[in-house]
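K.L.:
The structure follows.
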Amino acid sequence: MPHDSDHVHVTPLTHLEFTHATSVRADFSLPDAGLALQVEAHAPGVYRVRCAPREVLAAREEKPTTRQKAHVEMLLARDEPVGEMATSSVVGGAGWRLEHGENALELRGDGLQFALYRGEQCVLRSVGDALQKGEREGQPLWRISTILDEDEALHGLGESLGDMDRRGSSMVSDDPSARAASLLWSTRGWGLYLNTLDRIEYDLGKSQEDVCSYVVHGDILDFFLFIGEPSEILNQYSALTGRAGQPGLWPMGVWLEQAPDVGFDETLAIVQNFREKKWSVDTLQLSTPSPYGFQSDKPVFEWNVERCGEPRELYARLQKLNLQLAAPTVPAVLQGTPLFEEWEDRGWLLIRDEDGSACVFEGNEFTGGKPYGLLDLTNRDVFRLWVERQRQAVDEGLGAVVCSVQIDIPDDVTARGGECGAVLRTVYPILARRALFEAVAGHRTPQEGVVVSTDLFPAVQRSSWQAGPYCENSWAGLEQSLRAALSLGDSGIPVQTHRLGSARHPLDGMTPELYLRWLATCVFSANFSFQGVPGLLPSAFDEATQEVVRHWLQWRYRLIPYVLGIIEDAVRTGLPVQRSMALSFPGDPVAQVWDTQYLLGPALLVAPILQPGKKARVYLPEGQAWWDMNTGWRYEGGTLLEMECDVDTMPIFGREGHMLCLGPGGVHTADFNSARLLDEVWMFGMPEHSPVVMRNKIRVMQMQGSSYIKGLEGLKILPSEGLEVKRRGAEVRISRAR
């Protein structure tokens, strides 16, 4: 929370007056401050609250500028409310109750306090003088303060390599090192999204243990309150802010990252070795710096021929190996080139306010350490040119692009659209990712494509492929990689890919045992990549280890129809591939303690082994039974198990009532028969739910104690113990064994 030394002047907002209400919105006035307050029933379980000077709100509603419209589209996929509510006075007349289904938001005029109700239970309550308006160095800001219960846990707001409970932390939204996203939710059943591109300062009980404080910069306060289970909150949040585009089939195969200072020929030799050993791999991701970029004097891309060879020769070699290509790119022009000077004069680069010259950034890994200017992607002509050049590279054979541009743009830099400071730092990675997805997805319907990036920003979940961190080659590094994925899932981001170790850290900690445990965890995730250095490849280990690698890779490729089905499902539900215990079982506080376990989609509980040895302890959440995929045994929920697992097994349990549809495996996705993507079905108890699987045409119907399933023609069916299978034409009947 900012202190007086930060030159913050705030005034509590009091004396709230009711103006009028419709079935969608209630309007209030704060006459002493000259402000208007609006509350909307935006969607089921969602309230929207806006506060600003009357004239500012009126102007935004009646005649928004082109720039304001563009910013709204960056943040919201659904701006219009679709809910209904009833407004009434509370007992005693000191406030108002806005009822929305079983939910309610109560406002009080004394200190502008509010309380959020789910049924009869209050899930969120403000501190006295909850809403304050102020300024810092002449710029407007707002402060909201809410109370934290003693046992309340907070989740979301981006990437965490440690505790996924964000309580006790603080962050600033436009600080690239904060790794911040936008959705915050509580295990008590509320969520919060502050709808702005301006700076947000989050203090989640750090300054004061039982108080959350949010300082929002800008002339309008605009936020959404969600009520419900965490899965319901993610569903409504993603419907509000936008959902992911889908990847195709080939990105779901294993990736290989070229290591720094390892040549292209040497890297292709690694792929050839994978093919000979029958280790699965689909995609080669080239290392930084970017192997292609603008010519020094023309706005046309050229490839680094010395590094990769001529493009036609490059793609011919990849095609022979059934290999897709992903390559790093950056929206930049190198300083000291004629093109830099030309585009500086034209105003196509981000400029310094002082003299209008292009801002020169220090070189980074994408530019090979050479200083550069950033393209001004707020300029439509520049944005369009960038998309067209990237699409040309894709049309020539490039499969995916890798781009991370979340950098600390100085406050004295301004874009053509007028964005600067925190807004520009937030907007720039949004525009970069949008441009690249347009280029990669082309004109496909529905749009499919992959843009690999580590950037985090509002509505980042619209991009389905988030790259995980480089974690050290240790047991702690494995756990950090897992926690990063689960924390991003809590933030509404559907996919985080993992790296099996890191070429950027010392390799001596990577033992065969750690390697196999890490690989097993990666297999049961959205996806992962091998690192192309000798110490992190399967060939670095003995024959026995290599055989287990082959075993796990076959599992990965058999899981592809299921995992891709989960991602396709994220377009409808907003739920991630890897789901934390808090997200999946908010009513089981014991499960939340076991925070390195997770659900892979709806059907599988995975408990990675994160320390040396065969022993593992697993907690099976309450509310349903679980089937051990290694033994076929059934356990009731609420059970704590102690197990022993060799390196070719891992604690994995099927959720009762669900099915797991598996493919036949292979060494690359070109092996997949598009007419026969599935091979067999595992059942965990009596099927009650239609399975999650790519291009899903399998449907379950229950009747008179049996399950009738259509869409299993030609598949092997492995029922759990106590069930029998009868086929009748295209229909399969599952019933209790007599």
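FYI, nothing fancy with the structure tokens labels: chains A, B, ... in order, residues from 1 per chain, ligands from 1 as they appear.
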Apply DSSP to the backbone of this structure and, from segment 7-247 of chain A, keep only the residues in alpha helix (DSSP H); write these as a PyMOL selection string.
P.N.:
chain A and resi 54-62+66-75+230-241
K.L.:
Once DSSP has gone over the backbone, tell me which residues of segment 248-489 of chain A are in strand (DSSP E or B), as a VMD selection string.
P.N.:
chain A and resid 255 to 258 283 to 285 292 to 294 301 to 303 324 to 328 332 to 334 349 351 to 352 358 361 372 to 375 400 to 402 413 to 414 420 448 451 to 453 466 to 467
K.L.:
Mind giving me the straight-line distance from atom CA of Ala503 of chain A to atom CA of Leu536 of chain A in Å, one decimal?
P.N.:
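Separation of atom CA of Ala503 of chain A and atom CA of Leu536 of chain A: 7.6 Å.
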K.L.:
With distances taken over only C-alpha atoms, which residue among A:Met686, A:Leu583, A:Ala476, A:Leu375 lies nearest Gln611 of chain A?
P.N.:
A:Ala476
K.L.:
Would you tabulate, counting only C-alpha atoms, all residues of segment 655-717 of chain A that have an atom at most 7 Å from an atom of segment 562-572 of chain A, showing the closest pair of atoms and their distance in Å to one decimal, sorted by chain then ascending number, as a tab-separated table?
P.N.:
residue	atom	partner	partner_atom	distance
A:Cys661	CA	A:Tyr562	CA	6.2
A:Leu662	CA	A:Tyr562	CA	6.8
A:Val692	CA	A:Gly565	CA	5.4
A:Val693	CA	A:Gly565	CA	4.0
A:Met694	CA	A:Gly565	CA	3.9
K.L.:
Restricting the calculation to only C-alpha atoms: of A:Val427, A:Leu610, A:Leu553, A:Ala244, which residue gets closest to Val72 of chain A?
P.N.:
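Ranking A:Val427, A:Leu610, A:Leu553, A:Ala244 by distance to Val72 of chain A, first place goes to A:Val427.
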K.L.:
Hey, what's within 12 Å of Gly665 of chain A if we count only C-alpha atoms and toss same-chain stuff fewer than 2 positions away? As a PyMOL selection string, please?
P.N.:
chain A and resi 253+278-281+550-561+662-663+667-673+676-680
K.L.:
Tell me which protein, DNA and RNA residues are within 7 Å of Thr639 of chain A, counting only C-alpha atoms, leaving out same-chain ones fewer than 3 positions away, and put them as a VMD selection string.
P.N.:
chain A and resid 619 to 620 636
K.L.:
Contacts of Asp198 of chain A at 9 Å or less, counting only C-alpha atoms, minus same-chain residues fewer than 4 places along, as a list in words?
P.N.:
Ser173, Asp174, Val216, His217, Gly218, Gly421, Ala422, Val423, Leu424 and Thr426 of chain A
K.L.:
Go ahead and save the picked residues with all heavy atoms, as a PDB file, in the first residue's frame.
P.N.:
ATOM      1  N   SER A 173       1.496  -4.092 -11.830  1.00  0.00           N
ATOM      2  CA  SER A 173       1.071  -4.790 -13.044  1.00  0.00           C
ATOM      3  C   SER A 173       1.985  -4.571 -14.237  1.00  0.00           C
ATOM      4  O   SER A 173       2.189  -5.480 -15.039  1.00  0.00           O
ATOM      5  CB  SER A 173      -0.351  -4.367 -13.410  1.00  0.00           C
ATOM      6  OG  SER A 173      -0.402  -2.976 -13.714  1.00  0.00           O
ATOM      7  N   ASP A 174       2.555  -3.362 -14.397  1.00  0.00           N
ATOM      8  CA  ASP A 174       3.345  -3.085 -15.592  1.00  0.00           C
ATOM      9  C   ASP A 174       4.835  -3.279 -15.383  1.00  0.00           C
ATOM     10  O   ASP A 174       5.635  -2.917 -16.249  1.00  0.00           O
ATOM     11  CB  ASP A 174       3.082  -1.655 -16.091  1.00  0.00           C
ATOM     12  CG  ASP A 174       3.506  -0.602 -15.076  1.00  0.00           C
ATOM     13  OD1 ASP A 174       2.953  -0.613 -13.958  1.00  0.00           O
ATOM     14  OD2 ASP A 174       4.386   0.224 -15.394  1.00  0.00           O
ATOM     15  N   VAL A 216      -5.412   1.692  -8.288  1.00  0.00           N
ATOM     16  CA  VAL A 216      -5.639   1.673  -9.730  1.00  0.00           C
ATOM     17  C   VAL A 216      -5.433   3.077 -10.275  1.00  0.00           C
ATOM     18  O   VAL A 216      -6.078   4.027  -9.825  1.00  0.00           O
ATOM     19  CB  VAL A 216      -7.069   1.199 -10.047  1.00  0.00           C
ATOM     20  CG1 VAL A 216      -7.269   1.087 -11.555  1.00  0.00           C
ATOM     21  CG2 VAL A 216      -7.364  -0.132  -9.366  1.00  0.00           C
ATOM     22  N   HIS A 217      -4.530   3.219 -11.226  1.00  0.00           N
ATOM     23  CA  HIS A 217      -4.252   4.518 -11.829  1.00  0.00           C
ATOM     24  C   HIS A 217      -5.207   4.761 -13.000  1.00  0.00           C
ATOM     25  O   HIS A 217      -5.647   3.820 -13.656  1.00  0.00           O
ATOM     26  CB  HIS A 217      -2.803   4.576 -12.301  1.00  0.00           C
ATOM     27  CG  HIS A 217      -1.813   4.492 -11.183  1.00  0.00           C
ATOM     28  ND1 HIS A 217      -0.945   5.526 -10.867  1.00  0.00           N
ATOM     29  CD2 HIS A 217      -1.553   3.504 -10.286  1.00  0.00           C
ATOM     30  CE1 HIS A 217      -0.193   5.163  -9.833  1.00  0.00           C
ATOM     31  NE2 HIS A 217      -0.546   3.936  -9.469  1.00  0.00           N
ATOM     32  N   GLY A 218      -5.519   6.024 -13.265  1.00  0.00           N
ATOM     33  CA  GLY A 218      -6.399   6.373 -14.370  1.00  0.00           C
ATOM     34  C   GLY A 218      -7.594   7.173 -13.904  1.00  0.00           C
ATOM     35  O   GLY A 218      -7.893   7.268 -12.713  1.00  0.00           O
ATOM     36  N   GLY A 421       4.097   5.211 -20.935  1.00  0.00           N
ATOM     37  CA  GLY A 421       4.173   4.750 -19.558  1.00  0.00           C
ATOM     38  C   GLY A 421       3.609   3.354 -19.377  1.00  0.00           C
ATOM     39  O   GLY A 421       3.833   2.452 -20.186  1.00  0.00           O
ATOM     40  N   ALA A 422       2.848   3.174 -18.286  1.00  0.00           N
ATOM     41  CA  ALA A 422       2.305   1.860 -17.953  1.00  0.00           C
ATOM     42  C   ALA A 422       1.405   1.323 -19.062  1.00  0.00           C
ATOM     43  O   ALA A 422       1.408   0.120 -19.347  1.00  0.00           O
ATOM     44  CB  ALA A 422       1.534   1.932 -16.640  1.00  0.00           C
ATOM     45  N   VAL A 423       0.613   2.194 -19.686  1.00  0.00           N
ATOM     46  CA  VAL A 423      -0.282   1.739 -20.752  1.00  0.00           C
ATOM     47  C   VAL A 423       0.510   1.161 -21.911  1.00  0.00           C
ATOM     48  O   VAL A 423       0.191   0.087 -22.430  1.00  0.00           O
ATOM     49  CB  VAL A 423      -1.189   2.891 -21.226  1.00  0.00           C
ATOM     50  CG1 VAL A 423      -2.013   2.467 -22.439  1.00  0.00           C
ATOM     51  CG2 VAL A 423      -2.101   3.350 -20.101  1.00  0.00           C
ATOM     52  N   LEU A 424       1.575   1.831 -22.332  1.00  0.00           N
ATOM     53  CA  LEU A 424       2.384   1.340 -23.444  1.00  0.00           C
ATOM     54  C   LEU A 424       3.078   0.030 -23.070  1.00  0.00           C
ATOM     55  O   LEU A 424       3.158  -0.898 -23.880  1.00  0.00           O
ATOM     56  CB  LEU A 424       3.405   2.395 -23.865  1.00  0.00           C
ATOM     57  CG  LEU A 424       4.310   2.028 -25.049  1.00  0.00           C
ATOM     58  CD1 LEU A 424       3.491   1.641 -26.273  1.00  0.00           C
ATOM     59  CD2 LEU A 424       5.261   3.181 -25.381  1.00  0.00           C
ATOM     60  N   THR A 426       1.968  -2.190 -21.158  1.00  0.00           N
ATOM     61  CA  THR A 426       0.948  -3.236 -21.159  1.00  0.00           C
ATOM     62  C   THR A 426       0.459  -3.544 -22.561  1.00  0.00           C
ATOM     63  O   THR A 426       0.263  -4.708 -22.928  1.00  0.00           O
ATOM     64  CB  THR A 426      -0.241  -2.804 -20.276  1.00  0.00           C
ATOM     65  OG1 THR A 426       0.239  -2.481 -18.972  1.00  0.00           O
ATOM     66  CG2 THR A 426      -1.273  -3.908 -20.168  1.00  0.00           C
TER      67      THR A 426
END
K.L.:
Which residues are close to segment 348-359 of chain A, i.e. within 8 Å by only C-alpha atoms, leaving aside same-chain residues fewer than 2 positions away? Reply as a PyMOL selection string.
P.N.:
chain A and resi 343-346+361+373-376+379+382+412-416
K.L.:
Store the residues picked out above in a file with all heavy atoms, as a compact mmCIF listing (two decimals), in the first residue's frame.
P.N.:
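Saved to selection27.txt:
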# COMPACT_ATOMS: atom_id res chain seq x y z
N TRP A 343 12.83 4.64 -41.09
CA TRP A 343 11.61 4.47 -40.29
C TRP A 343 11.59 5.41 -39.09
O TRP A 343 10.51 5.75 -38.60
CB TRP A 343 11.48 3.01 -39.86
CG TRP A 343 10.98 2.14 -41.00
CD1 TRP A 343 10.78 2.53 -42.28
CD2 TRP A 343 10.60 0.77 -40.93
NE1 TRP A 343 10.32 1.50 -43.03
CE2 TRP A 343 10.19 0.39 -42.24
CE3 TRP A 343 10.59 -0.18 -39.92
CZ2 TRP A 343 9.77 -0.89 -42.54
CZ3 TRP A 343 10.16 -1.45 -40.23
CH2 TRP A 343 9.75 -1.81 -41.52
N GLU A 344 12.75 5.85 -38.63
CA GLU A 344 12.78 6.88 -37.60
C GLU A 344 12.21 8.17 -38.17
O GLU A 344 11.38 8.83 -37.52
CB GLU A 344 14.22 7.10 -37.13
CG GLU A 344 14.35 8.14 -36.03
CD GLU A 344 15.80 8.33 -35.59
OE1 GLU A 344 16.69 8.30 -36.48
OE2 GLU A 344 16.03 8.50 -34.38
N ASP A 345 12.60 8.52 -39.40
CA ASP A 345 12.07 9.73 -40.04
C ASP A 345 10.57 9.61 -40.29
O ASP A 345 9.82 10.59 -40.18
CB ASP A 345 12.79 9.99 -41.37
CG ASP A 345 14.24 10.42 -41.16
OD1 ASP A 345 14.56 10.87 -40.04
OD2 ASP A 345 15.04 10.28 -42.10
N ARG A 346 10.13 8.40 -40.64
CA ARG A 346 8.73 8.18 -40.96
C ARG A 346 7.85 8.10 -39.71
O ARG A 346 6.63 8.17 -39.79
CB ARG A 346 8.59 6.89 -41.79
CG ARG A 346 7.26 6.74 -42.48
CD ARG A 346 7.17 5.44 -43.25
NE ARG A 346 8.09 5.41 -44.38
CZ ARG A 346 8.11 4.41 -45.27
NH1 ARG A 346 7.28 3.38 -45.15
NH2 ARG A 346 8.97 4.44 -46.28
N PHE A 361 16.89 0.74 -27.79
CA PHE A 361 16.93 -0.22 -26.70
C PHE A 361 18.23 -1.00 -26.72
O PHE A 361 18.78 -1.26 -27.80
CB PHE A 361 15.75 -1.18 -26.79
CG PHE A 361 14.41 -0.52 -26.63
CD1 PHE A 361 13.76 0.05 -27.72
CD2 PHE A 361 13.80 -0.45 -25.39
CE1 PHE A 361 12.53 0.67 -27.57
CE2 PHE A 361 12.57 0.17 -25.22
CZ PHE A 361 11.94 0.73 -26.32
N GLY A 373 15.57 -0.47 -32.47
CA GLY A 373 14.35 0.30 -32.26
C GLY A 373 13.16 -0.62 -32.40
O GLY A 373 13.17 -1.53 -33.23
N LEU A 374 12.11 -0.38 -31.60
CA LEU A 374 10.91 -1.22 -31.65
C LEU A 374 9.91 -0.64 -32.65
O LEU A 374 9.67 0.58 -32.66
CB LEU A 374 10.25 -1.29 -30.28
CG LEU A 374 10.77 -2.34 -29.29
CD1 LEU A 374 10.05 -2.18 -27.95
CD2 LEU A 374 10.60 -3.75 -29.82
N LEU A 375 9.33 -1.50 -33.48
CA LEU A 375 8.28 -1.05 -34.37
C LEU A 375 7.11 -0.51 -33.56
O LEU A 375 6.74 -1.08 -32.52
CB LEU A 375 7.78 -2.21 -35.24
CG LEU A 375 8.79 -2.97 -36.10
CD1 LEU A 375 8.06 -3.94 -37.00
CD2 LEU A 375 9.64 -2.01 -36.92
N ASP A 376 6.52 0.56 -34.03
CA ASP A 376 5.36 1.12 -33.36
C ASP A 376 4.11 0.38 -33.83
O ASP A 376 3.49 0.74 -34.83
CB ASP A 376 5.24 2.61 -33.66
CG ASP A 376 4.12 3.28 -32.87
OD1 ASP A 376 3.32 2.54 -32.25
OD2 ASP A 376 4.03 4.51 -32.88
N ASN A 379 0.62 1.83 -34.74
CA ASN A 379 0.43 2.40 -36.07
C ASN A 379 -0.13 1.31 -36.98
O ASN A 379 0.49 0.27 -37.16
CB ASN A 379 1.77 2.92 -36.59
CG ASN A 379 1.65 3.61 -37.94
OD1 ASN A 379 1.00 3.11 -38.85
ND2 ASN A 379 2.33 4.73 -38.09
N VAL A 382 2.17 0.00 -39.75
CA VAL A 382 3.29 -0.80 -39.24
C VAL A 382 2.78 -2.17 -38.80
O VAL A 382 3.39 -3.21 -39.10
CB VAL A 382 3.98 -0.08 -38.07
CG1 VAL A 382 5.10 -0.93 -37.49
CG2 VAL A 382 4.51 1.28 -38.52
N ASP A 412 9.29 8.06 -20.85
CA ASP A 412 9.35 9.18 -21.79
C ASP A 412 9.28 8.73 -23.25
O ASP A 412 9.66 9.46 -24.16
CB ASP A 412 10.61 10.01 -21.57
CG ASP A 412 11.89 9.24 -21.90
OD1 ASP A 412 11.82 8.00 -21.99
OD2 ASP A 412 12.94 9.88 -22.06
N VAL A 413 8.76 7.52 -23.47
CA VAL A 413 8.59 6.99 -24.82
C VAL A 413 7.09 6.95 -25.13
O VAL A 413 6.29 6.52 -24.30
CB VAL A 413 9.20 5.58 -24.95
CG1 VAL A 413 8.86 4.96 -26.30
CG2 VAL A 413 10.70 5.65 -24.76
N THR A 414 6.73 7.41 -26.34
CA THR A 414 5.32 7.48 -26.72
C THR A 414 5.11 6.81 -28.07
O THR A 414 5.94 6.93 -28.97
CB THR A 414 4.85 8.94 -26.81
OG1 THR A 414 5.05 9.56 -25.53
CG2 THR A 414 3.37 9.04 -27.17
N ALA A 415 3.97 6.12 -28.20
CA ALA A 415 3.60 5.49 -29.46
C ALA A 415 2.73 6.43 -30.28
O ALA A 415 2.22 7.44 -29.76
CB ALA A 415 2.84 4.19 -29.18
N ARG A 416 2.53 6.10 -31.55
CA ARG A 416 1.73 6.94 -32.44
C ARG A 416 0.31 7.11 -31.90
O ARG A 416 -0.30 8.17 -32.04
CB ARG A 416 1.69 6.30 -33.84
CG ARG A 416 0.75 6.97 -34.84
CD ARG A 416 1.22 8.35 -35.26
NE ARG A 416 2.44 8.28 -36.02
CZ ARG A 416 2.49 8.11 -37.34
NH1 ARG A 416 1.37 7.99 -38.04
NH2 ARG A 416 3.65 8.07 -37.97
K.L.:
Restricting the calculation to only C-alpha atoms, which member of A:Thr288, A:Asn103, A:Thr11, A:Gln272 is positioned closest to Trp142 of chain A?
P.N.:
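So, comparing all the options, the nearest one is A:Thr11.
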K.L.:
Select, from A:Ile430, A:Phe264, A:Thr378, A:Trp518, the residue with the minimum atom-to-atom distance to Leu197 of chain A, counting only C-alpha atoms.
P.N.:
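Selected residue with least distance to Leu197 of chain A: A:Ile430.
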K.L.:
Applying 9 Å and only C-alpha atoms, which residues near Ser464 of chain A remain after dropping the ones on its own chain fewer than 4 positions away? List them as a VMD selection string.
P.N.:
chain A and resid 243 to 247 449 to 452 460 493 to 496 567
K.L.:
Point out the residue among A:Leu488, A:Ala52, A:Leu478, A:Met650 with the least atom-to-atom distance to Ala616 of chain A, counting only C-alpha atoms.
P.N.:
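When distances to Ala616 of chain A are compared using only C-alpha atoms, the smallest one comes from A:Met650.
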